[in-house]
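Peer 1: Following this message is one structure expressed as structure tokens.
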Amino acid sequence: MNRVETWFCGSSYWRYVTRRQLLPWLVGGSELGEHVLELGAGPGAATEELRLRARQVTSLEYDHGFAARLSARVSGTNASVIQGDAATLPFPDNTFTSAIAILMLHHLRSSELQDHAFAEVGRVLRPGGVFLAFEIEDGWLNRFGHIRSTFVPVGPATASARLAAAGFSRATVDLWRSGFRIRALR
Ligand SMILES: C[S@@+](CC[C@H](N)C(=O)[O-])C[C@H]1O[C@@H](n2cnc3c(N)ncnc32)[C@H](O)[C@@H]1O
């Protein structure tokens, strides 16, 4: 991530929007179940809120610094943080009742890696588990915002077919402000 993204994702503004607006909309109508996997937790804007919504939260984060700081912050709670890669998940099959990825997928370096991540999420979800992702569309503003960072947009038009190819069912895409939600069932 570049400096602007790092600042934005750690800001109290983003924490507020995530907890009060984005997460309620993203999760609305879905059952998270007892054990949520959070992919690409970053500074943890969603982690605290997810802790209130599930008995157990496992947050995966690629960046060692983010992972270490978030781990220290949630130590002793019902959340744990693991440093790792969403495209090769370090968990056994059928571990989680739901998985959630906020603004993480476009940080994977290719659409092939994103498809690996979809397949991995499908592998670690229990049958019937829900996968929820929030993403932003391609466009000059989002490309500009990712200078010196990674931006491989997930096209909303192809997301459902890609998830179906990864073994998910009932994949849907819904728009929210300048982004969209992907929802699919294992
Ligand atoms: C834009 S931030 C979003 C962070 C957080 N979800 C939020 O909404 O504030 C994207 C996060 O995904 C993480 N990330 C990037 N590639 C990843 C990967 N392969 N596996 C897991 N996390 C990854 C980044 O380190 C970063 O923390």
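We label chains A, B, ... in the order they appear in the structure tokens, count residues from 1 in each chain, and number ligands from 1 in the order shown.
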Hey, could you make a per-residue contact list for chain A against ligand 1 with 6 Å as the cut-off, showing the nearest pair of atoms and its distance in Å to one decimal, counting only C-alpha atoms and all ligand atoms, sorted by chain and number, as JSON lines?

Peer 2:
```
{"residue": "A:Cys9", "atom": "CA", "partner": "ligand 1", "partner_atom_place_in_ligand_line": "9 (O)", "distance": 4.3}
{"residue": "A:Leu39", "atom": "CA", "partner": "ligand 1", "partner_atom_place_in_ligand_line": "21 (C)", "distance": 5.6}
{"residue": "A:Gly40", "atom": "CA", "partner": "ligand 1", "partner_atom_place_in_ligand_line": "22 (N)", "distance": 3.5}
{"residue": "A:Ala41", "atom": "CA", "partner": "ligand 1", "partner_atom_place_in_ligand_line": "6 (N)", "distance": 4.3}
{"residue": "A:Gly42", "atom": "CA", "partner": "ligand 1", "partner_atom_place_in_ligand_line": "27 (O)", "distance": 3.2}
{"residue": "A:Gly44", "atom": "CA", "partner": "ligand 1", "partner_atom_place_in_ligand_line": "9 (O)", "distance": 6.0}
{"residue": "A:Ala45", "atom": "CA", "partner": "ligand 1", "partner_atom_place_in_ligand_line": "9 (O)", "distance": 4.9}
{"residue": "A:Leu60", "atom": "CA", "partner": "ligand 1", "partner_atom_place_in_ligand_line": "21 (C)", "distance": 5.9}
{"residue": "A:Glu61", "atom": "CA", "partner": "ligand 1", "partner_atom_place_in_ligand_line": "22 (N)", "distance": 4.2}
{"residue": "A:Tyr62", "atom": "CA", "partner": "ligand 1", "partner_atom_place_in_ligand_line": "22 (N)", "distance": 4.1}
{"residue": "A:Asp63", "atom": "CA", "partner": "ligand 1", "partner_atom_place_in_ligand_line": "25 (O)", "distance": 4.6}
{"residue": "A:Gly84", "atom": "CA", "partner": "ligand 1", "partner_atom_place_in_ligand_line": "20 (N)", "distance": 5.9}
{"residue": "A:Asp85", "atom": "CA", "partner": "ligand 1", "partner_atom_place_in_ligand_line": "20 (N)", "distance": 3.6}
{"residue": "A:Ala86", "atom": "CA", "partner": "ligand 1", "partner_atom_place_in_ligand_line": "20 (N)", "distance": 3.8}
{"residue": "A:Ala87", "atom": "CA", "partner": "ligand 1", "partner_atom_place_in_ligand_line": "19 (N)", "distance": 5.9}
{"residue": "A:Ile102", "atom": "CA", "partner": "ligand 1", "partner_atom_place_in_ligand_line": "6 (N)", "distance": 4.3}
{"residue": "A:Leu103", "atom": "CA", "partner": "ligand 1", "partner_atom_place_in_ligand_line": "3 (C)", "distance": 4.8}
{"residue": "A:Met104", "atom": "CA", "partner": "ligand 1", "partner_atom_place_in_ligand_line": "12 (O)", "distance": 4.2}
{"residue": "A:His107", "atom": "CA", "partner": "ligand 1", "partner_atom_place_in_ligand_line": "15 (C)", "distance": 4.8}
{"residue": "A:Leu108", "atom": "CA", "partner": "ligand 1", "partner_atom_place_in_ligand_line": "16 (N)", "distance": 5.3}
```

Peer 1: Give me the residues near Phe168 (chain A) as a list of chain:residue names, where near means some atom within 7 Å (using only C-alpha atoms) and where sequence neighbours in that chain fewer than 4 positions away do not count.

Peer 2: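 My list of contacting residues is A:Gly122, A:Leu163, A:Ala164, A:Ala184, A:Leu185, A:Arg186.
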
Peer 1: Within 10 Å of Ala161 (chain A), counting only C-alpha atoms, which residues qualify if same-chain residues fewer than 6 places away don't, as a list in words?

Peer 2: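 So, after excluding close chain neighbours, the residues are Gly167, Phe168, Ser169, Ala171 and Thr172 of chain A.
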
Peer 1: Report as an MDAnalysis selection string all protein, DNA and RNA residues lying within 9 Å of region 150-158 of chain A, evaluated on only C-alpha atoms, omitting residues in the same chain fewer than 3 positions from it.

Peer 2: chainID A and resid 1:2 105:111 114 135:138 142:143 146:147 161:163 173:174 180:182

Peer 1: Name all residues at most 6 Å from Arg126 (chain A) (count only C-alpha atoms; drop same-chain ones fewer than 3 positions away) and give them as an NGL selection string.

Peer 2: :A and (94 or 96-97 or 129)

Peer 1: Could you save those same residues with C-alpha atoms as a PDB file, in the first residue's frame?

Peer 2:
```pdb
ATOM      1  CA  ASN A  94     -13.903 -26.286   6.400  1.00  0.00           C
ATOM      2  CA  PHE A  96     -14.744 -20.939   8.974  1.00  0.00           C
ATOM      3  CA  THR A  97     -18.441 -20.132   8.875  1.00  0.00           C
ATOM      4  CA  GLY A 129     -20.617 -20.428   4.606  1.00  0.00           C
TER       5      GLY A 129
END
```

Peer 1: Considering only strand (DSSP E) as DSSP defines it on the backbone, what residues of region 103-140 of chain A qualify? List them as a PyMOL selection string.

Peer 2: chain A and resi 125-136

Peer 1: Keeping only N, CA, C and O atoms, write the selected residues to a file as an mmCIF file, in the first residue's frame.

Peer 2:
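Listing of part18.cif after writing:
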```cif
data_model
loop_
_atom_site.group_PDB
_atom_site.id
_atom_site.type_symbol
_atom_site.label_atom_id
_atom_site.label_comp_id
_atom_site.auth_asym_id
_atom_site.auth_seq_id
_atom_site.Cartn_x
_atom_site.Cartn_y
_atom_site.Cartn_z
ATOM 1 N N LEU A 125 -13.901 -22.408 3.884
ATOM 2 C CA LEU A 125 -15.259 -22.182 4.380
ATOM 3 C C LEU A 125 -15.984 -23.509 4.541
ATOM 4 O O LEU A 125 -15.786 -24.426 3.746
ATOM 5 N N ARG A 126 -16.831 -23.572 5.563
ATOM 6 C CA ARG A 126 -17.690 -24.750 5.707
ATOM 7 C C ARG A 126 -18.817 -24.665 4.668
ATOM 8 O O ARG A 126 -19.184 -23.556 4.245
ATOM 9 N N PRO A 127 -19.391 -25.807 4.288
ATOM 10 C CA PRO A 127 -20.514 -25.769 3.350
ATOM 11 C C PRO A 127 -21.606 -24.836 3.877
ATOM 12 O O PRO A 127 -21.949 -24.871 5.057
ATOM 13 N N GLY A 128 -22.115 -23.979 3.007
ATOM 14 C CA GLY A 128 -23.144 -23.015 3.400
ATOM 15 C C GLY A 128 -22.573 -21.695 3.899
ATOM 16 O O GLY A 128 -23.305 -20.736 4.093
ATOM 17 N N GLY A 129 -21.255 -21.659 4.117
ATOM 18 C CA GLY A 129 -20.617 -20.428 4.606
ATOM 19 C C GLY A 129 -20.671 -19.323 3.554
ATOM 20 O O GLY A 129 -20.686 -19.592 2.354
ATOM 21 N N VAL A 130 -20.700 -18.090 4.047
ATOM 22 C CA VAL A 130 -20.835 -16.962 3.123
ATOM 23 C C VAL A 130 -19.493 -16.235 2.952
ATOM 24 O O VAL A 130 -18.737 -16.077 3.909
ATOM 25 N N PHE A 131 -19.215 -15.833 1.727
ATOM 26 C CA PHE A 131 -18.055 -14.993 1.423
ATOM 27 C C PHE A 131 -18.568 -13.614 1.024
ATOM 28 O O PHE A 131 -19.396 -13.489 0.113
ATOM 29 N N LEU A 132 -18.074 -12.583 1.726
ATOM 30 C CA LEU A 132 -18.461 -11.205 1.452
ATOM 31 C C LEU A 132 -17.224 -10.394 1.139
ATOM 32 O O LEU A 132 -16.230 -10.467 1.872
ATOM 33 N N ALA A 133 -17.269 -9.638 0.053
ATOM 34 C CA ALA A 133 -16.135 -8.768 -0.260
ATOM 35 C C ALA A 133 -16.655 -7.398 -0.657
ATOM 36 O O ALA A 133 -17.735 -7.280 -1.249
ATOM 37 N N PHE A 134 -15.889 -6.376 -0.295
ATOM 38 C CA PHE A 134 -16.187 -5.022 -0.760
ATOM 39 C C PHE A 134 -15.021 -4.560 -1.622
ATOM 40 O O PHE A 134 -13.862 -4.655 -1.207
ATOM 41 N N GLU A 135 -15.347 -4.093 -2.826
ATOM 42 C CA GLU A 135 -14.315 -3.692 -3.768
ATOM 43 C C GLU A 135 -14.662 -2.368 -4.448
ATOM 44 O O GLU A 135 -15.817 -1.930 -4.395
ATOM 45 N N ILE A 136 -13.668 -1.785 -5.094
ATOM 46 C CA ILE A 136 -13.890 -0.543 -5.837
ATOM 47 C C ILE A 136 -13.660 -0.815 -7.318
ATOM 48 O O ILE A 136 -12.891 -1.698 -7.686
#
```

Peer 1: Choose the residue, out of A:Arg51, A:Arg20, A:Arg183, A:Arg73, that has the smallest atom-to-atom separation from Val36 (chain A); count only C-alpha atoms.

Peer 2: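 Among A:Arg51, A:Arg20, A:Arg183, A:Arg73, it is A:Arg51 that comes nearest to Val36 (chain A).
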
Peer 1: Which of region 17-121 of chain A counts as helix (DSSP H, G or I) under DSSP, as an NGL selection string please?

Peer 2: :A and (17-27 or 47-53 or 64-74 or 105-107 or 111-121)

Peer 1: Using only C-alpha atoms, please write the residues we just selected to a file, as an mmCIF file, in the first residue's frame.

Peer 2:
```cif
data_model
loop_
_atom_site.group_PDB
_atom_site.id
_atom_site.type_symbol
_atom_site.label_atom_id
_atom_site.label_comp_id
_atom_site.auth_asym_id
_atom_site.auth_seq_id
_atom_site.Cartn_x
_atom_site.Cartn_y
_atom_site.Cartn_z
ATOM 1 C CA VAL A 17 -17.512 4.557 8.044
ATOM 2 C CA THR A 18 -16.544 0.880 8.249
ATOM 3 C CA ARG A 19 -18.243 0.218 11.585
ATOM 4 C CA ARG A 20 -21.335 2.364 11.215
ATOM 5 C CA GLN A 21 -22.078 2.189 7.495
ATOM 6 C CA LEU A 22 -20.037 -0.205 5.389
ATOM 7 C CA LEU A 23 -20.063 -3.325 7.603
ATOM 8 C CA PRO A 24 -23.775 -3.161 8.472
ATOM 9 C CA TRP A 25 -24.564 -2.918 4.751
ATOM 10 C CA LEU A 26 -21.989 -5.522 3.711
ATOM 11 C CA VAL A 27 -23.120 -8.088 6.280
ATOM 12 C CA THR A 47 -11.854 -6.184 13.216
ATOM 13 C CA GLU A 48 -13.342 -4.657 16.380
ATOM 14 C CA GLU A 49 -16.822 -4.643 14.888
ATOM 15 C CA LEU A 50 -16.497 -8.231 13.637
ATOM 16 C CA ARG A 51 -15.489 -9.244 17.178
ATOM 17 C CA LEU A 52 -18.912 -8.072 18.346
ATOM 18 C CA ARG A 53 -20.695 -10.041 15.630
ATOM 19 C CA HIS A 64 4.083 -8.020 8.897
ATOM 20 C CA GLY A 65 3.848 -4.586 10.548
ATOM 21 C CA PHE A 66 0.065 -4.353 10.301
ATOM 22 C CA ALA A 67 -0.278 -7.953 11.486
ATOM 23 C CA ALA A 68 1.979 -7.422 14.519
ATOM 24 C CA ARG A 69 0.297 -4.177 15.599
ATOM 25 C CA LEU A 70 -3.220 -5.534 15.199
ATOM 26 C CA SER A 71 -2.252 -8.733 16.989
ATOM 27 C CA ALA A 72 -1.001 -6.727 19.975
ATOM 28 C CA ARG A 73 -4.190 -4.646 19.979
ATOM 29 C CA VAL A 74 -6.596 -7.588 20.046
ATOM 30 C CA LEU A 105 -8.804 -8.319 -3.510
ATOM 31 C CA HIS A 106 -7.469 -5.526 -5.726
ATOM 32 C CA HIS A 107 -4.178 -5.750 -3.817
ATOM 33 C CA SER A 111 -6.462 -11.932 -11.568
ATOM 34 C CA GLU A 112 -4.973 -15.445 -11.377
ATOM 35 C CA LEU A 113 -3.969 -14.792 -7.762
ATOM 36 C CA GLN A 114 -7.457 -13.444 -7.077
ATOM 37 C CA ASP A 115 -8.910 -16.680 -8.494
ATOM 38 C CA HIS A 116 -6.530 -18.637 -6.245
ATOM 39 C CA ALA A 117 -7.819 -16.606 -3.311
ATOM 40 C CA PHE A 118 -11.449 -17.362 -4.278
ATOM 41 C CA ALA A 119 -10.626 -21.077 -4.423
ATOM 42 C CA GLU A 120 -8.783 -20.900 -1.101
ATOM 43 C CA VAL A 121 -11.670 -19.100 0.586
#
```
